[in-house]
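Peer 1: The structure under discussion is supplied below as structure tokens; questions concerning it will follow.
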Amino acid sequence: MAILNKIRQRSLFLILIIAMALFSFVLADLFKNSDGFSSKSQNVIATIDGEDIKRDDFMAKVEAAQRQFGGSLTNTQAMNRVWDQEVRNTIMNAQYDALGITVERDQMRDLLKTGLASFDEFKNEDGVYDENKLNEFIANLKAISPETSMLGGSPINYEAWTNYERNISVNGRQQTYYNMIKAGVIGTLAEGELDYKLENDKVDIKFVQVPYSSIPDSTITVSKSDISSYINKHKNQYEVEESRDIYFVQFKEEPSLEDETAIQDNLKSLLEDKEEYNETTKATETVVGFINTTDDEGFLAANSALKLYDDYVFKNVLPTAVADSIFNLNKGEVYGPYKDGNMFKISKLIDVKQLADSVKVRHILIPFVGAMRALPTDTKTDEEAKATADSILRVVRGNRSKFSDLLDLSSDKVSNEKGGEIEFAYNSGMAPEFKEFSFNNNVGSLDVVKTDFGYHVIEILSQGDKQRAVKVGNLAQVIEPSDETIDKIFNETSKFEIAVADKDFNEVAKENNYSVMPVSSIKALDENIPGLGNQRAIVRWAYEDGVKVGDVKRFNLQGGYAVVMVTAKGEKGLMSTEKASITALTAIRKEKKAELIRAKFSGSTIEDIAASQGQQVKTSLAINMKNPTLSGAGREPKVIGSAFGLEEGKVSQPVDGNLGVYVVQVTKKTPADGLPNYQAAANRVGNTKSAAVNTALYNALKEAAKIDDNRATFY
């Protein structure tokens with residue numbers, strides 16, 4: 001009791017102690033994660049030249065992009081798409097604002113007219129664009145908002161319209177900006193003259209080429225210090241972002257041989273009739289098998305992964321490997337089981353028929369309201385459309401030459417251009433009713449046929465040769481792993497994951513005959529892992545705080561697992577000598593070979609030099625600087641540049657080219673004939689510059705911008 005009384009007396013003191021302990025714990029966590037002091041780090045995707053891109057707004061745009069593309073973009077692809085748009089908009093808007101570029105009312109009207117002049121909704125009675133029609137349309141959209149109206153056959157509401165106007169405005173500002181830049185991008189007369197001379201000044205040369213391939217790579221020693229020195233001399237080529245390297249072993253949930261055998265046995269068991277005890281009737285009943293059933297459609301619906309294709313096919317439609325075996329069956333016979341794609345099948349020949357392989361018809365189509373591809377101008381009801389088709393039929397039956405005269409009544413404008421004629425194969429995707437009439441009646445038959453597109457007045461003009469066609473039912477089962485196989489794969493994955501936690505990853509994999517797949521230079525925003533596809537979760541894990549080289553984790557994949565180990569962390573900066581060696585080795589060997597080749601050159605004439613190297617003297621005529629290509633040697637700008645710097649008859653010093661070391665002698669120089677005026681050439685230079693402005697300018701602005709990219713934190 002005495003102790004309790006003391007605690008009560010000092011309760012305030014204890015509360016303060018506990019509060020201070022909790023506060024110090026929170027502070028420690030804040031210092032550990034310094035971003036916790038600021039809500040900005042939790043709400044900002046990126047900062048571009050001081051302007052923040054807010055997380056919520058950015059994520060909403062990513063979701064909208066995914067909806068726009070109907071789910072065909074992954075989350076990362078949509079994010080990158082929106083990112084590119086946001087970076088461009090932010091950088092370019094800063095330029096527009098700095099120059100005071102806006103889109104005023106008159107320019108907006110012109111831009112809208114350019115984009116909308118072809119829409120019937122904005123044309124007057126004379127078919128001319130009418131701005132009053134546009135104003136009425138916008139006012140109506142605003143009045144009925146958020147309901148939609150139709151524009152060019154597509155629904156649109158007021159919000160979508162305002163977005164469209166915003167995009168038009170952005171494009172207008174961009175157009176003004178680039179036009180201003182292009183106005184200052186010209187080709188001067190001096191540039192025109194230079195361009196003309198680069199193309200038309202010619203030299204003829206003799207040359208000796210000693211190819212680098214004449215010295216085997218195995219004779220050239222390249223050290224780590226050579227690679228390091230080369231990297232430092234060519235830093236721009238070897239600047240890299242932060243990266244990760246991984247190993248992974250994939251465990252696929254694939255069906256075993258036993259699984260495949262069991263699937264085939266199951267299909268076979270469905271062929272013959274069998275006796276089964278019915279718990280409901282308490283009696284033994286005969287269950288009809290696939291061979292004897294008279295209800296193939298119902299049997300396949302109950303027992304097969306494939307429904308009955310209730311139509312006839314020709315031999316060329318059947319699977320190539322088994323086409324002969326199935327096509328030559330007698331009615332009621334079966335073939336299989338056989339593997340076709342991801343299924344085992346047993347095929348039954350249900351019926352045989354003689355059918356034409358193709359047909360030519362002509363038709364007049366009368367659509368009704370609600371029919372497929374019906375236009376807003378198609379206002380007939382079902383009954384009215386049928387009455388029109390019937391009346392056309394009566395006229396054509398009385399005089400078939402009237403068919404062409406009545407084509408103006410048909411809504412099929414494509415076939416109308418060919419006299420209403422359509423020619424198609426039996427297995428083409430025509431409306432079933434249209435196809436049935438065309439192939440199941442004789443040439444010359446004429447009638448009205450209803451399809452989802454409306455009422456057709458059809459006349460059969462000709463049919464191809466009749467041949468054997470078959471109706472086939474496929475008793476099929478998907479080839480997939482059994483529960484036992486799936487459990488086995490899971491256990492193997494777990495054992496490997498546990499084993500590599502304290503043993504060498506490669507050795508354990510080798511002991512179990514597993515293939516180890518290395519992947520290098522994974523960037524923070526990558527999502528594709530070669531061999532595994534879209535695996536953003538693996539990339540995020542590899543970049544998580546606390547994940548070290550040697551850490552291992554198992555990931556669930558579609559149809560299996562992957563056990564992944566981080567093998568290296570690459571820092572932002574210069575590439576390591578090991579990774580750089582892939583490209584640097586070739587360049588360093590080339591430099592060393594060039595040095596060896598140059599040291600062996602001797603002789604004062606080009607013939608002597610060729611003899612000293614065991615090479616032939618080659619010639620190349622009418623070379624120009626604009627297309628620096630040597631016949632028989634390829635593109636060699638350094639060599640050709642050296643040739644243009646020589647006087648006639650002079651022999652060059654050795655020149656290190658792309659494919660070897662060269663010595664050149666100029667045999668003839670032919671300067672271009674002077675032009676009275678170089679304005680045309682200057683215009684060509686200006687046009688070339690102007691065409692490159694959009695891309696080059698934006699890339700330069702982006703390179704100069706200060707971009708803090710935090711996307712990897714959120715995606």
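For the structure tokens, the naming scheme is as follows: chains receive sequential letters (A, B, ...) according to their order of presentation, residues are indexed from 1 within each chain, and ligands are indexed from 1 in presentation order.
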Please give the complete set of residues from range 298-472 of chain A that DSSP, run on the backbone, assigns to helix (DSSP H, G or I), formatted as a PyMOL selection string.
Peer 2: chain A and resi 298-303+315-317+320-327+382-398+400-402+404-409+413-416+432-440
Peer 1: Using only C-alpha atoms, which residues sit within 12 Å of Leu99 in chain A once same-chain residues fewer than 2 positions away are excluded, as a ChimeraX atom specification?
Peer 2: /A:92-97,101-102,173-174,176-177,180-181
Peer 1: May I have the residues from that selection written out with C-alpha atoms, as a compact mmCIF listing (two decimals), in the first residue's frame?
Peer 2:
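Written out: out_1.txt:
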```txt
# COMPACT_ATOMS: atom_id res chain seq x y z
CA MET A 92 7.18 25.29 -72.15
CA ASN A 93 4.59 27.25 -70.12
CA ALA A 94 7.46 28.97 -68.33
CA GLN A 95 8.76 30.07 -71.75
CA TYR A 96 5.33 31.27 -72.88
CA ASP A 97 4.77 33.21 -69.65
CA ILE A 101 2.47 34.71 -75.13
CA THR A 102 -1.31 34.28 -74.85
CA ARG A 173 0.64 29.27 -77.59
CA GLN A 174 3.06 26.58 -78.73
CA THR A 176 3.15 31.15 -81.71
CA TYR A 177 6.29 30.40 -79.69
CA MET A 180 8.79 33.24 -83.28
CA ILE A 181 11.86 31.01 -82.88
```
Peer 1: With a distance cut-off of 12 Å and only C-alpha atoms, select the neighbouring residues of Asn328 in chain A, excluding the residue or stretch itself and same-chain residues fewer than 2 positions from it, and output the selection as a list in words.
Peer 2: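 Residues near the query, excluding close chain neighbours: Phe314, Lys315, Leu318, Val322, Ala323, Asp324, Ser325, Ile326, Asn330, Lys331, Gly332, Glu333, Val334, Tyr335, Ser347, Lys348, Leu349, Asp351, Val352, Arg468, Ala469, Val470 and Val472 of chain A.
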Peer 1: So what do you get for CA of Met372 in chain A versus CA of Lys450 in chain A, distance-wise?
Peer 2: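 So the two atoms, CA of Met372 in chain A and CA of Lys450 in chain A, lie 12.0 Å apart.
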Peer 1: Quick one: pick out all strand (DSSP E) residues within range 502-692 of chain A from a backbone DSSP run and write them as a ChimeraX atom specification.
Peer 2: /A:517-522,528-529,533-534,552-557,560-570,573-574,618-623,629-630,634-635,655-656,660-670
Peer 1: In terms of the shortest atom-to-atom distance over only C-alpha atoms, which of A:Gly614, A:Gly70, A:Gly559, A:Gly632 is closest to Val210 in chain A?
Peer 2: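 Among the listed residues, A:Gly614 lies closest to Val210 in chain A.
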Peer 1: For range 284-367 of chain A against range 422-429 of chain A, with a cut-off of 10 Å and counting only C-alpha atoms, what is the closest atom pair and its distance in Å to one decimal for every residue that makes the cut, ordered by chain and number, as a Markdown table?
Peer 2:
```
| residue | atom | partner | partner_atom | distance |
| --- | --- | --- | --- | --- |
| A:Asp311 | CA | A:Asn427 | CA | 9.5 |
| A:Tyr312 | CA | A:Asn427 | CA | 8.6 |
| A:Val313 | CA | A:Asn427 | CA | 7.1 |
| A:Phe314 | CA | A:Asn427 | CA | 8.3 |
| A:Val317 | CA | A:Asn427 | CA | 8.5 |
| A:Leu355 | CA | A:Tyr426 | CA | 8.4 |
| A:Ala356 | CA | A:Tyr426 | CA | 7.3 |
| A:Asp357 | CA | A:Tyr426 | CA | 5.3 |
| A:Ser358 | CA | A:Ala425 | CA | 4.1 |
| A:Val359 | CA | A:Glu423 | CA | 5.7 |
| A:Lys360 | CA | A:Glu423 | CA | 4.2 |
| A:Val361 | CA | A:Ile422 | CA | 5.5 |
| A:Arg362 | CA | A:Ile422 | CA | 5.9 |
| A:His363 | CA | A:Ile422 | CA | 7.9 |
```
Peer 1: Grab the CA of Gly298 in chain A to CA of Ile350 in chain A distance for me, in Å with one decimal place.
Peer 2: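 Straight-line distance from CA of Gly298 in chain A to CA of Ile350 in chain A works out to 13.5 Å.
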Peer 1: Please, what distance in Å, to one decimal, runs between CA of Leu646 in chain A and CA of Asn624 in chain A?
Peer 2: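 Rounded to one decimal, the two atoms are 13.9 Å apart.
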Peer 1: Between A:Ala580, A:Ala117, A:Ala562, A:Val82, which is the closest to Lys252 in chain A once you count only C-alpha atoms?
Peer 2: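 Among the listed residues, the smallest separation from Lys252 in chain A belongs to A:Ala562.
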Peer 1: Considering only C-alpha atoms, can you say which of A:Gly398, A:Pro146, A:Gly127, A:Gly473 comes closest to Ala305 in chain A?
Peer 2: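 Of A:Gly398, A:Pro146, A:Gly127, A:Gly473, the one nearest Ala305 in chain A, counting only C-alpha atoms, is A:Gly473.
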Peer 1: My list of candidates is A:Leu557, A:Leu194, A:Leu621, A:Ala183. Which is closest to Ala672 in chain A when distances are computed with only C-alpha atoms?
Peer 2: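 That would be A:Leu194, the residue with the smallest distance to Ala672 in chain A.
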